[in-house]
$ cat final-v1.pdb   # PDB, C-alpha atoms
ATOM      1  CA  MET A   1       0.000   0.000   0.000
ATOM      2  CA  GLY A   2       3.027   2.267  -0.309
ATOM      3  CA  LEU A   3       1.781   3.494  -3.701
ATOM      4  CA  GLN A   4      -0.561   6.324  -2.696
ATOM      5  CA  THR A   5      -2.495   6.816  -5.924
ATOM      6  CA  SER A   6      -6.109   7.834  -6.410
ATOM      7  CA  SER A   7      -6.379   5.371  -9.317
ATOM      8  CA  PHE A   8      -7.160   1.831  -8.258
ATOM      9  CA  THR A   9      -6.389   0.689 -11.808
ATOM     10  CA  ASP A  10      -2.832   2.063 -11.531
ATOM     11  CA  PHE A  11      -2.452   0.387  -8.151
ATOM     12  CA  LEU A  12      -3.639  -2.939  -9.580
ATOM     13  CA  ALA A  13      -1.358  -2.602 -12.617
ATOM     14  CA  SER A  14       1.685  -2.119 -10.396
ATOM     15  CA  HIS A  15       0.951  -5.044  -8.058
ATOM     16  CA  SER A  16      -1.167  -7.591  -9.972
ATOM     17  CA  PRO A  17      -1.386  -6.690 -13.684
ATOM     18  CA  GLY A  18      -2.748 -10.131 -14.486
ATOM     19  CA  LEU A  19      -6.008  -9.165 -12.783
ATOM     20  CA  LEU A  20      -6.733  -6.324 -15.199
ATOM     21  CA  PRO A  21      -9.575  -6.880 -17.699
ATOM     22  CA  GLY A  22      -8.568  -8.984 -20.681
ATOM     23  CA  ARG A  23      -5.270 -10.185 -19.215
ATOM     24  CA  ALA A  24      -6.509 -13.529 -17.892
ATOM     25  CA  ALA A  25      -8.406 -14.216 -21.107
ATOM     26  CA  ARG A  26      -5.218 -13.535 -23.092
ATOM     27  CA  GLY A  27      -3.274 -16.011 -20.985
ATOM     28  CA  VAL A  28      -1.054 -13.359 -19.385
ATOM     29  CA  PRO A  29       0.128 -14.237 -15.869
ATOM     30  CA  ALA A  30       0.774 -11.471 -13.332
ATOM     31  CA  GLY A  31       3.917  -9.562 -14.248
ATOM     32  CA  ALA A  32       4.331 -11.162 -17.673
ATOM     33  CA  ASP A  33       4.998  -9.128 -20.796
ATOM     34  CA  GLN A  34       4.307 -11.766 -23.441
ATOM     35  CA  VAL A  35       0.847 -12.317 -24.871
ATOM     36  CA  THR A  36      -0.308 -15.873 -25.527
ATOM     37  CA  PRO A  37      -2.727 -15.809 -28.465
ATOM     38  CA  VAL A  38      -6.161 -17.268 -27.911
ATOM     39  CA  PRO A  39      -7.558 -19.395 -30.763
ATOM     40  CA  GLY A  40      -9.980 -17.433 -32.929
ATOM     41  CA  GLN A  41     -12.774 -19.991 -32.650
ATOM     42  CA  ALA A  42     -12.526 -19.960 -28.848
ATOM     43  CA  ILE A  43     -13.033 -16.192 -28.872
ATOM     44  CA  ARG A  44     -15.972 -16.422 -31.263
ATOM     45  CA  ASP A  45     -17.606 -18.973 -28.964
ATOM     46  CA  LEU A  46     -17.446 -16.662 -25.936
ATOM     47  CA  PRO A  47     -20.785 -15.038 -24.992
ATOM     48  CA  HIS A  48     -21.133 -11.553 -26.454
ATOM     49  CA  ALA A  49     -23.523  -8.882 -25.228
ATOM     50  CA  THR A  50     -25.239  -6.667 -27.730
ATOM     51  CA  THR A  51     -27.498  -3.600 -27.836
ATOM     52  CA  ILE A  52     -27.433  -0.674 -25.376
ATOM     53  CA  VAL A  53     -29.357   2.588 -25.841
ATOM     54  CA  ALA A  54     -29.355   5.906 -23.990
ATOM     55  CA  ALA A  55     -31.419   9.074 -24.281
ATOM     56  CA  VAL A  56     -31.180  12.427 -22.529
ATOM     57  CA  CYS A  57     -34.424  13.372 -20.808
ATOM     58  CA  ASP A  58     -35.697  16.353 -18.859
ATOM     59  CA  GLY A  59     -33.405  16.550 -15.827
ATOM     60  CA  GLY A  60     -31.335  13.452 -16.519
ATOM     61  CA  VAL A  61     -30.672  10.517 -18.809
ATOM     62  CA  VAL A  62     -32.124   7.049 -19.485
ATOM     63  CA  LEU A  63     -29.989   3.944 -20.082
ATOM     64  CA  ALA A  64     -31.423   0.634 -21.304
ATOM     65  CA  GLY A  65     -30.209  -2.678 -22.687
ATOM     66  CA  ASP A  66     -31.595  -5.908 -24.059
ATOM     67  CA  ARG A  67     -30.924  -9.217 -22.293
ATOM     68  CA  ARG A  68     -29.546 -11.556 -24.959
ATOM     69  CA  ALA A  69     -25.975 -12.834 -25.222
ATOM     70  CA  THR A  70     -24.837 -14.781 -28.277
ATOM     71  CA  ALA A  71     -21.991 -17.186 -29.013
ATOM     72  CA  GLY A  72     -21.538 -17.246 -32.751
ATOM     73  CA  ASN A  73     -24.946 -18.001 -34.211
ATOM     74  CA  MET A  74     -26.244 -19.526 -30.956
ATOM     75  CA  ILE A  75     -28.097 -17.854 -28.083
ATOM     76  CA  ALA A  76     -25.742 -18.273 -25.123
ATOM     77  CA  LYS A  77     -27.916 -16.645 -22.463
ATOM     78  CA  ARG A  78     -31.318 -14.973 -22.446
ATOM     79  CA  ASP A  79     -31.217 -12.961 -19.223
ATOM     80  CA  VAL A  80     -27.851 -11.180 -19.212
ATOM     81  CA  GLU A  81     -27.599  -7.847 -17.392
ATOM     82  CA  LYS A  82     -25.669  -5.245 -19.387
ATOM     83  CA  VAL A  83     -26.709  -2.051 -17.567
ATOM     84  CA  PHE A  84     -25.027  -1.191 -14.264
ATOM     85  CA  ARG A  85     -24.719   1.529 -11.665
ATOM     86  CA  SER A  86     -21.181   2.931 -11.610
ATOM     87  CA  ASP A  87     -21.842   5.404  -8.785
ATOM     88  CA  GLU A  88     -24.669   7.532  -7.417
ATOM     89  CA  PHE A  89     -24.945   9.788 -10.475
ATOM     90  CA  SER A  90     -23.695   7.635 -13.346
ATOM     91  CA  GLY A  91     -24.163   4.289 -15.030
ATOM     92  CA  LEU A  92     -22.827   2.286 -17.933
ATOM     93  CA  GLY A  93     -23.741  -0.500 -20.281
ATOM     94  CA  TYR A  94     -21.427  -2.562 -22.450
ATOM     95  CA  ALA A  95     -21.421  -4.428 -25.737
ATOM     96  CA  GLY A  96     -18.855  -7.065 -26.593
ATOM     97  CA  THR A  97     -17.207 -10.001 -24.831
ATOM     98  CA  GLY A  98     -19.293 -10.680 -21.741
ATOM     99  CA  SER A  99     -16.591 -11.863 -19.331
ATOM    100  CA  VAL A 100     -14.302  -8.930 -20.097
ATOM    101  CA  GLY A 101     -17.253  -6.523 -19.917
ATOM    102  CA  ILE A 102     -18.150  -7.657 -16.404
ATOM    103  CA  GLU A 103     -14.518  -7.164 -15.336
ATOM    104  CA  PHE A 104     -14.597  -3.651 -16.763
ATOM    105  CA  VAL A 105     -17.772  -2.783 -14.879
ATOM    106  CA  ARG A 106     -16.499  -4.085 -11.543
ATOM    107  CA  LEU A 107     -13.101  -2.417 -11.892
ATOM    108  CA  PHE A 108     -14.672   0.891 -12.893
ATOM    109  CA  GLN A 109     -16.997   0.799  -9.889
ATOM    110  CA  VAL A 110     -14.014   0.240  -7.575
ATOM    111  CA  GLU A 111     -12.025   2.908  -9.449
ATOM    112  CA  LEU A 112     -14.624   5.589  -8.684
ATOM    113  CA  GLU A 113     -15.040   4.487  -5.072
ATOM    114  CA  HIS A 114     -11.272   4.351  -4.523
ATOM    115  CA  TYR A 115     -10.802   7.859  -5.955
ATOM    116  CA  GLU A 116     -13.482   9.264  -3.658
ATOM    117  CA  LYS A 117     -11.886   7.653  -0.606
ATOM    118  CA  MET A 118      -8.378   8.834  -1.493
ATOM    119  CA  GLU A 119      -9.286  12.377  -2.566
ATOM    120  CA  GLY A 120     -12.259  13.031  -0.288
ATOM    121  CA  ARG A 121     -14.465  14.042  -3.218
ATOM    122  CA  SER A 122     -15.953  12.444  -6.302
ATOM    123  CA  LEU A 123     -14.726  12.910  -9.843
ATOM    124  CA  SER A 124     -16.576  15.221 -12.199
ATOM    125  CA  LEU A 125     -18.661  13.503 -14.858
ATOM    126  CA  GLU A 126     -16.044  14.282 -17.507
ATOM    127  CA  GLY A 127     -13.373  12.942 -15.166
ATOM    128  CA  LYS A 128     -15.272   9.671 -14.833
ATOM    129  CA  ALA A 129     -15.637   9.449 -18.615
ATOM    130  CA  ASN A 130     -11.896  10.002 -19.047
ATOM    131  CA  ARG A 131     -11.010   7.366 -16.441
ATOM    132  CA  LEU A 132     -13.171   4.856 -18.303
ATOM    133  CA  ALA A 133     -11.485   5.845 -21.579
ATOM    134  CA  TRP A 134      -8.075   5.070 -20.055
ATOM    135  CA  MET A 135      -9.323   1.623 -19.020
ATOM    136  CA  VAL A 136     -10.729   0.899 -22.488
ATOM    137  CA  ARG A 137      -7.420   1.939 -24.060
ATOM    138  CA  GLY A 138      -5.615  -0.463 -21.752
ATOM    139  CA  ASN A 139      -7.608  -3.342 -23.248
ATOM    140  CA  LEU A 140      -6.524  -2.532 -26.811
ATOM    141  CA  ALA A 141      -4.142  -5.498 -27.123
ATOM    142  CA  ALA A 142      -6.878  -7.921 -26.101
ATOM    143  CA  ALA A 143      -9.358  -6.160 -28.390
ATOM    144  CA  MET A 144      -7.026  -6.715 -31.347
ATOM    145  CA  GLN A 145      -7.285 -10.445 -30.614
ATOM    146  CA  GLY A 146     -11.077 -10.304 -30.628
ATOM    147  CA  LEU A 147     -11.835  -9.648 -26.950
ATOM    148  CA  VAL A 148     -13.573  -6.377 -27.733
ATOM    149  CA  VAL A 149     -15.590  -4.467 -25.126
ATOM    150  CA  VAL A 150     -17.176  -1.101 -25.877
ATOM    151  CA  PRO A 151     -18.997   0.751 -23.066
ATOM    152  CA  LEU A 152     -21.684   3.406 -23.181
ATOM    153  CA  PHE A 153     -21.326   5.743 -20.203
ATOM    154  CA  VAL A 154     -24.047   8.120 -19.034
ATOM    155  CA  GLY A 155     -24.539  10.349 -16.036
ATOM    156  CA  TYR A 156     -26.191  13.316 -14.433
ATOM    157  CA  ASP A 157     -23.964  16.396 -14.468
ATOM    158  CA  GLU A 158     -24.462  18.097 -11.113
ATOM    159  CA  ASP A 159     -22.895  21.324 -12.428
ATOM    160  CA  THR A 160     -25.352  21.780 -15.304
ATOM    161  CA  GLY A 161     -28.321  19.770 -14.037
ATOM    162  CA  GLN A 162     -28.458  17.781 -17.286
ATOM    163  CA  GLY A 163     -27.859  14.244 -18.457
ATOM    164  CA  ARG A 164     -24.863  13.465 -20.685
ATOM    165  CA  ILE A 165     -23.846  10.502 -22.857
ATOM    166  CA  PHE A 166     -20.309   9.306 -23.717
ATOM    167  CA  SER A 167     -19.420   6.651 -26.280
ATOM    168  CA  TYR A 168     -16.061   4.946 -26.934
ATOM    169  CA  ASP A 169     -14.143   3.087 -29.594
ATOM    170  CA  VAL A 170     -11.751   0.215 -28.884
ATOM    171  CA  ALA A 171      -8.833   2.664 -28.590
ATOM    172  CA  GLY A 172     -10.508   4.713 -25.868
ATOM    173  CA  GLY A 173     -12.196   8.000 -26.693
ATOM    174  CA  PRO A 174     -14.378   9.308 -25.243
ATOM    175  CA  TYR A 175     -16.863  11.053 -27.519
ATOM    176  CA  GLU A 176     -19.752  13.000 -26.075
ATOM    177  CA  GLU A 177     -23.015  12.252 -27.862
ATOM    178  CA  GLN A 178     -25.978  14.598 -28.114
ATOM    179  CA  ARG A 179     -29.612  13.723 -27.347
ATOM    180  CA  PHE A 180     -29.427   9.919 -27.784
ATOM    181  CA  TYR A 181     -27.072   7.130 -28.807
ATOM    182  CA  SER A 182     -26.763   3.339 -29.043
ATOM    183  CA  ILE A 183     -24.024   0.715 -29.312
ATOM    184  CA  GLY A 184     -23.908  -2.967 -30.199
ATOM    185  CA  SER A 185     -25.003  -5.083 -33.136
ATOM    186  CA  GLY A 186     -28.536  -3.671 -33.130
ATOM    187  CA  SER A 187     -27.439  -0.075 -32.660
ATOM    188  CA  LEU A 188     -28.230   1.081 -36.194
ATOM    189  CA  PHE A 189     -31.835  -0.056 -35.899
ATOM    190  CA  ALA A 190     -32.230   1.296 -32.367
ATOM    191  CA  ARG A 191     -30.789   4.668 -33.347
ATOM    192  CA  GLY A 192     -33.041   4.819 -36.394
ATOM    193  CA  ALA A 193     -36.075   4.266 -34.179
ATOM    194  CA  LEU A 194     -34.960   6.943 -31.723
ATOM    195  CA  LYS A 195     -34.558   9.434 -34.574
ATOM    196  CA  LYS A 196     -38.310   9.183 -35.128
ATOM    197  CA  LEU A 197     -39.438   8.925 -31.499
ATOM    198  CA  TYR A 198     -37.133  11.322 -29.660
ATOM    199  CA  PHE A 199     -37.808  14.995 -29.002
ATOM    200  CA  ASP A 200     -35.894  17.481 -26.870
ATOM    201  CA  GLY A 201     -37.001  17.872 -23.268
ATOM    202  CA  MET A 202     -38.724  14.476 -23.100
ATOM    203  CA  PRO A 203     -40.038  13.578 -19.641
ATOM    204  CA  ALA A 204     -38.198  10.606 -18.147
ATOM    205  CA  GLY A 205     -41.227   8.318 -18.584
ATOM    206  CA  ASP A 206     -41.464   9.105 -22.305
ATOM    207  CA  ALA A 207     -37.719   8.607 -22.758
ATOM    208  CA  VAL A 208     -37.964   5.195 -21.078
ATOM    209  CA  LEU A 209     -40.783   4.202 -23.427
ATOM    210  CA  ALA A 210     -38.830   5.460 -26.464
ATOM    211  CA  CYS A 211     -35.771   3.424 -25.431
ATOM    212  CA  VAL A 212     -37.832   0.243 -25.015
ATOM    213  CA  GLN A 213     -39.448   0.878 -28.405
ATOM    214  CA  SER A 214     -36.010   1.260 -29.969
ATOM    215  CA  LEU A 215     -34.796  -2.005 -28.409
ATOM    216  CA  TYR A 216     -37.872  -3.751 -29.818
ATOM    217  CA  ASP A 217     -37.010  -2.406 -33.292
ATOM    218  CA  ALA A 218     -33.396  -3.545 -32.863
ATOM    219  CA  ALA A 219     -34.563  -7.050 -31.924
ATOM    220  CA  ASP A 220     -36.939  -7.037 -34.900
ATOM    221  CA  ASP A 221     -34.050  -6.650 -37.366
ATOM    222  CA  ASP A 222     -30.977  -7.939 -35.506
ATOM    223  CA  SER A 223     -30.840 -11.606 -34.511
ATOM    224  CA  ALA A 224     -28.278 -10.930 -31.749
ATOM    225  CA  THR A 225     -30.631  -8.543 -29.915
ATOM    226  CA  GLY A 226     -33.336 -10.040 -27.735
ATOM    227  CA  GLY A 227     -36.813  -8.593 -27.531
ATOM    228  CA  PRO A 228     -39.180  -8.775 -24.536
ATOM    229  CA  ASP A 229     -39.811 -12.417 -23.572
ATOM    230  CA  LEU A 230     -43.315 -12.471 -22.123
ATOM    231  CA  THR A 231     -43.287 -16.239 -21.602
ATOM    232  CA  ARG A 232     -40.113 -16.281 -19.498
ATOM    233  CA  ARG A 233     -40.808 -12.812 -18.033
ATOM    234  CA  ILE A 234     -37.500 -11.447 -19.277
ATOM    235  CA  PHE A 235     -37.592  -7.731 -20.035
ATOM    236  CA  PRO A 236     -35.038  -5.011 -20.890
ATOM    237  CA  ILE A 237     -32.986  -3.540 -18.078
ATOM    238  CA  VAL A 238     -33.819   0.168 -17.789
ATOM    239  CA  ALA A 239     -32.296   2.794 -15.486
ATOM    240  CA  THR A 240     -32.746   6.524 -15.003
ATOM    241  CA  ILE A 241     -30.076   8.874 -13.640
ATOM    242  CA  THR A 242     -31.358  12.210 -12.353
ATOM    243  CA  ALA A 243     -30.742  14.612  -9.471
ATOM    244  CA  ASP A 244     -32.225  11.899  -7.252
ATOM    245  CA  GLY A 245     -29.470   9.502  -8.299
ATOM    246  CA  PHE A 246     -29.303   6.205 -10.143
ATOM    247  CA  ARG A 247     -32.564   4.257 -10.232
ATOM    248  CA  LYS A 248     -32.953   0.873 -11.864
ATOM    249  CA  LEU A 249     -36.564   0.185 -12.784
ATOM    250  CA  PRO A 250     -37.999  -2.832 -10.923
ATOM    251  CA  ASP A 251     -38.829  -5.883 -13.032
ATOM    252  CA  ALA A 252     -42.550  -5.245 -12.573
ATOM    253  CA  GLU A 253     -42.252  -1.706 -13.916
ATOM    254  CA  SER A 254     -40.024  -2.550 -16.878
ATOM    255  CA  GLY A 255     -42.259  -5.542 -17.593
ATOM    256  CA  GLN A 256     -45.337  -3.341 -17.683
ATOM    257  CA  ILE A 257     -43.686  -0.998 -20.200
ATOM    258  CA  ALA A 258     -42.484  -3.918 -22.346
ATOM    259  CA  GLU A 259     -45.938  -5.478 -22.342
ATOM    260  CA  GLN A 260     -47.400  -2.154 -23.441
ATOM    261  CA  VAL A 261     -44.976  -2.023 -26.357
ATOM    262  CA  VAL A 262     -45.708  -5.621 -27.391
ATOM    263  CA  GLN A 263     -49.471  -5.011 -27.202
ATOM    264  CA  GLU A 264     -49.193  -1.923 -29.407
ATOM    265  CA  ARG A 265     -47.089  -3.850 -31.922
ATOM    266  CA  MET A 266     -49.902  -6.378 -32.286
ATOM    267  CA  ALA A 267     -51.916  -3.648 -34.032
ATOM    268  CA  ARG A 268     -48.960  -1.781 -35.599
ATOM    269  CA  PRO A 269     -45.993  -4.152 -36.145
ATOM    270  CA  ASP A 270     -43.650  -1.405 -37.343
ATOM    271  CA  GLY A 271     -44.234   0.751 -34.279
ATOM    272  CA  PRO A 272     -45.637   4.218 -33.726
ATOM    273  CA  PRO A 273     -45.285   6.613 -36.683
ATOM    274  CA  ALA A 274     -43.444   9.886 -36.361
ATOM    275  CA  PRO A 275     -45.738  12.853 -37.139
ATOM    276  CA  LEU A 276     -44.888  14.975 -40.181
ATOM    277  CA  ARG A 277     -45.100  18.712 -39.692
ATOM    278  CA  ASN A 278     -45.535  21.076 -42.645
ATOM    279  CA  GLY A 279     -44.776  24.782 -42.630
TER     280      GLY A 279
END

$ encode --input "final-v1.pdb" --output "structure tokens"
Amino acid sequence: MGLQTSSFTDFLASHSPGLLPGRAARGVPAGADQVTPVPGQAIRDLPHATTIVAAVCDGGVVLAGDRRATAGNMIAKRDVEKVFRSDEFSGLGYAGTGSVGIEFVRLFQVELEHYEKMEGRSLSLEGKANRLAWMVRGNLAAAMQGLVVVPLFVGYDEDTGQGRIFSYDVAGGPYEEQRFYSIGSGSLFARGALKKLYFDGMPAGDAVLACVQSLYDAADDDSATGGPDLTRRIFPIVATITADGFRKLPDAESGQIAEQVVQERMARPDGPPAPLRNG
């Protein structure tokens, strides 16, 4: 504990680098410099998480994700959680290799808690986004072998009283997105749906509904994205981050919204139309 650093990731890298995300999967023991390649088929067979969406709402931001994980062309798991609380005023979801993604989430949670304990204050929202970018960049070698993880980070900015969204590429980033964004294999379809459904200043309830609608559209066109499973009672994970903090919707509440969407799609399979305004 002689290394007094506010970054838990730096502390871990100096003492047990083999515990960093992606290292164990690459076959790198603690303190080793050489990378042992992992067979390509083994990587393709690992469970991969898919679509995450986020939308800025009035006084905060909404984050939602589907529940499916795939391994190649097979469904590996139907009830994966891809949306997590990172601290009181922020959250993140991930797309990519499931095992590495979970390591990222857990390490990032500890990173923010460790910083607050060492410095006596929490990081700014931009500071949190930059810390996550540094962690993503550290996984670049594993990503080049196929162990790709891309997060979507959102939070409530206490200085401005608004929600903000940050996306990343495999080399880090971050990039601040405006209004709404999505990542994962179904992201193009989800983002296309949000283009038609989103409007500035949406109440949180409307933003939640728009995100669930967009996930339904992603599942409709992308086989790796899972839609609401009414039989198994598996519904999207949805969270809101506002001045009141991070709130994950209970299963009953998210289930009610998902059932509403499914019921509406029975009459209109392509979803609600966006109104055209002339003049």

$ resolve_selection --input "final-v1.pdb" --expression "the PyMOL selection byres ((chain A and resi 170) around 10)" --output "list in words"
Ala133, Val136, Arg137, Gly138, Asn139, Leu140, Ala141, Ala142, Ala143, Met144, Val148, Val149, Val150, Pro151, Tyr168, Asp169, Ala171, Gly172 and Gly173 of chain A

$ write_last_selection --input "final-v1.pdb" --atoms "C-alpha atoms" --output "compact mmCIF listing (two decimals), keeping the file's coordinate frame"
# COMPACT_ATOMS: atom_id res chain seq x y z
CA ALA A 133 -11.48 5.84 -21.58
CA VAL A 136 -10.73 0.90 -22.49
CA ARG A 137 -7.42 1.94 -24.06
CA GLY A 138 -5.62 -0.46 -21.75
CA ASN A 139 -7.61 -3.34 -23.25
CA LEU A 140 -6.52 -2.53 -26.81
CA ALA A 141 -4.14 -5.50 -27.12
CA ALA A 142 -6.88 -7.92 -26.10
CA ALA A 143 -9.36 -6.16 -28.39
CA MET A 144 -7.03 -6.72 -31.35
CA VAL A 148 -13.57 -6.38 -27.73
CA VAL A 149 -15.59 -4.47 -25.13
CA VAL A 150 -17.18 -1.10 -25.88
CA PRO A 151 -19.00 0.75 -23.07
CA TYR A 168 -16.06 4.95 -26.93
CA ASP A 169 -14.14 3.09 -29.59
CA ALA A 171 -8.83 2.66 -28.59
CA GLY A 172 -10.51 4.71 -25.87
CA GLY A 173 -12.20 8.00 -26.69

$ residues_around --input "final-v1.pdb" --residues "Gly98 (chain A)" --least-positions-apart "4" --cutoff "10 Å" --atoms "only C-alpha atoms" --output "JSON, numbers by chain"
{"A": [46, 47, 48, 49, 50, 69, 70, 80, 81, 82, 94, 102, 103, 104, 147, 148, 149]}

$ resolve_selection --input "final-v1.pdb" --expression "the PyMOL selection byres ((chain A and resi 155) around 9)" --output "list in words"
Gly60, Val61, Val62, Phe89, Ser90, Gly91, Leu92, Leu125, Phe153, Val154, Tyr156, Asp157, Gln162, Gly163, Arg164, Ile165, Phe166, Ile241, Thr242 and Phe246 of chain A

$ axis_aligned_box --input "final-v1.pdb" --around "region 70-85 of chain A" --padding-each-side "6 Å" --output "lines of an AutoDock Vina configuration file"
center_x = -26.4
center_y = -9.0
center_z = -22.9
size_x = 21.8
size_y = 33.1
size_z = 34.5

$ residues_around --input "final-v1.pdb" --residues "region 110-113 of chain A" --least-positions-apart "2" --cutoff "12 Å" --atoms "all atoms listed in the file" --output "ChimeraX atom specification"
/A:5-12,85-91,103-108,115-125,127-132,134-135

$ write_last_selection --input "final-v1.pdb" --atoms "C-alpha atoms" --output "short mmCIF file (atom, residue, chain, number, x, y, z; two decimals), in the coordinates of the input"
data_model
loop_
_atom_site.label_atom_id
_atom_site.label_comp_id
_atom_site.auth_asym_id
_atom_site.auth_seq_id
_atom_site.Cartn_x
_atom_site.Cartn_y
_atom_site.Cartn_z
CA THR A 5 -2.50 6.82 -5.92
CA SER A 6 -6.11 7.83 -6.41
CA SER A 7 -6.38 5.37 -9.32
CA PHE A 8 -7.16 1.83 -8.26
CA THR A 9 -6.39 0.69 -11.81
CA ASP A 10 -2.83 2.06 -11.53
CA PHE A 11 -2.45 0.39 -8.15
CA LEU A 12 -3.64 -2.94 -9.58
CA ARG A 85 -24.72 1.53 -11.66
CA SER A 86 -21.18 2.93 -11.61
CA ASP A 87 -21.84 5.40 -8.78
CA GLU A 88 -24.67 7.53 -7.42
CA PHE A 89 -24.94 9.79 -10.48
CA SER A 90 -23.70 7.64 -13.35
CA GLY A 91 -24.16 4.29 -15.03
CA GLU A 103 -14.52 -7.16 -15.34
CA PHE A 104 -14.60 -3.65 -16.76
CA VAL A 105 -17.77 -2.78 -14.88
CA ARG A 106 -16.50 -4.08 -11.54
CA LEU A 107 -13.10 -2.42 -11.89
CA PHE A 108 -14.67 0.89 -12.89
CA TYR A 115 -10.80 7.86 -5.96
CA GLU A 116 -13.48 9.26 -3.66
CA LYS A 117 -11.89 7.65 -0.61
CA MET A 118 -8.38 8.83 -1.49
CA GLU A 119 -9.29 12.38 -2.57
CA GLY A 120 -12.26 13.03 -0.29
CA ARG A 121 -14.46 14.04 -3.22
CA SER A 122 -15.95 12.44 -6.30
CA LEU A 123 -14.73 12.91 -9.84
CA SER A 124 -16.58 15.22 -12.20
CA LEU A 125 -18.66 13.50 -14.86
CA GLY A 127 -13.37 12.94 -15.17
CA LYS A 128 -15.27 9.67 -14.83
CA ALA A 129 -15.64 9.45 -18.61
CA ASN A 130 -11.90 10.00 -19.05
CA ARG A 131 -11.01 7.37 -16.44
CA LEU A 132 -13.17 4.86 -18.30
CA TRP A 134 -8.07 5.07 -20.06
CA MET A 135 -9.32 1.62 -19.02
#

$ resolve_selection --input "final-v1.pdb" --expression "the PyMOL selection byres ((chain A and resi 210) around 9)" --output "short mmCIF file (atom, residue, chain, number, x, y, z; two decimals) with C-alpha atoms, keeping the file's coordinate frame"
data_model
loop_
_atom_site.label_atom_id
_atom_site.label_comp_id
_atom_site.auth_asym_id
_atom_site.auth_seq_id
_atom_site.Cartn_x
_atom_site.Cartn_y
_atom_site.Cartn_z
CA ALA A 55 -31.42 9.07 -24.28
CA ALA A 193 -36.08 4.27 -34.18
CA LEU A 194 -34.96 6.94 -31.72
CA LEU A 197 -39.44 8.93 -31.50
CA TYR A 198 -37.13 11.32 -29.66
CA GLY A 205 -41.23 8.32 -18.58
CA ASP A 206 -41.46 9.10 -22.30
CA ALA A 207 -37.72 8.61 -22.76
CA VAL A 208 -37.96 5.20 -21.08
CA LEU A 209 -40.78 4.20 -23.43
CA CYS A 211 -35.77 3.42 -25.43
CA VAL A 212 -37.83 0.24 -25.02
CA GLN A 213 -39.45 0.88 -28.40
CA SER A 214 -36.01 1.26 -29.97
CA LEU A 215 -34.80 -2.00 -28.41
#

$ atom_distance --input "final-v1.pdb" --atom1 "CA of Arg68 (chain A)" --atom2 "CA of Thr225 (chain A)"
5.9 Å

$ closest_residue --input "final-v1.pdb" --among "A:Ala258, A:Thr97, A:Asp270, A:Gly161" --to "Gly245 (chain A)" --atoms "all atoms listed in the file"
A:Gly161

$ atom_distance --input "final-v1.pdb" --atom1 "CA of Tyr216 (chain A)" --atom2 "CA of Ala267 (chain A)"
14.7 Å

$ atom_distance --input "final-v1.pdb" --atom1 "CA of Ser254 (chain A)" --atom2 "CA of Ala190 (chain A)"
17.8 Å

$ residues_around --input "final-v1.pdb" --residues "Asp200 (chain A)" --least-positions-apart "3" --cutoff "9 Å" --atoms "only C-alpha atoms" --output "PyMOL selection string"
chain A and resi 56-58+179

$ decode --input "final-v1.pdb" --residues "region 156-167 of chain A" --atoms "N, CA and C atoms" --output "tab-separated table (two decimals), in the first residue's frame"
chain	number	residue	atom	x	y	z
A	156	TYR	N	-25.57	12.03	-14.73
A	156	TYR	CA	-26.19	13.32	-14.43
A	156	TYR	C	-25.10	14.29	-14.02
A	157	ASP	N	-24.98	15.39	-14.75
A	157	ASP	CA	-23.96	16.40	-14.47
A	157	ASP	C	-24.51	17.35	-13.41
A	158	GLU	N	-23.96	17.27	-12.21
A	158	GLU	CA	-24.46	18.10	-11.11
A	158	GLU	C	-24.19	19.59	-11.34
A	159	ASP	N	-23.20	19.92	-12.17
A	159	ASP	CA	-22.90	21.32	-12.43
A	159	ASP	C	-23.92	21.98	-13.35
A	160	THR	N	-24.41	21.23	-14.33
A	160	THR	CA	-25.35	21.78	-15.30
A	160	THR	C	-26.79	21.33	-15.08
A	161	GLY	N	-26.98	20.29	-14.27
A	161	GLY	CA	-28.32	19.77	-14.04
A	161	GLY	C	-28.89	19.03	-15.23
A	162	GLN	N	-28.02	18.47	-16.08
A	162	GLN	CA	-28.46	17.78	-17.29
A	162	GLN	C	-27.81	16.41	-17.39
A	163	GLY	N	-28.44	15.55	-18.17
A	163	GLY	CA	-27.86	14.24	-18.46
A	163	GLY	C	-26.90	14.33	-19.63
A	164	ARG	N	-25.86	13.49	-19.62
A	164	ARG	CA	-24.86	13.46	-20.69
A	164	ARG	C	-24.54	12.02	-21.05
A	165	ILE	N	-24.13	11.83	-22.32
A	165	ILE	CA	-23.85	10.50	-22.86
A	165	ILE	C	-22.44	10.51	-23.46
A	166	PHE	N	-21.65	9.44	-23.16
A	166	PHE	CA	-20.31	9.31	-23.72
A	166	PHE	C	-20.17	7.92	-24.35
A	167	SER	N	-19.69	7.91	-25.59
A	167	SER	CA	-19.42	6.65	-26.28
A	167	SER	C	-17.92	6.48	-26.45
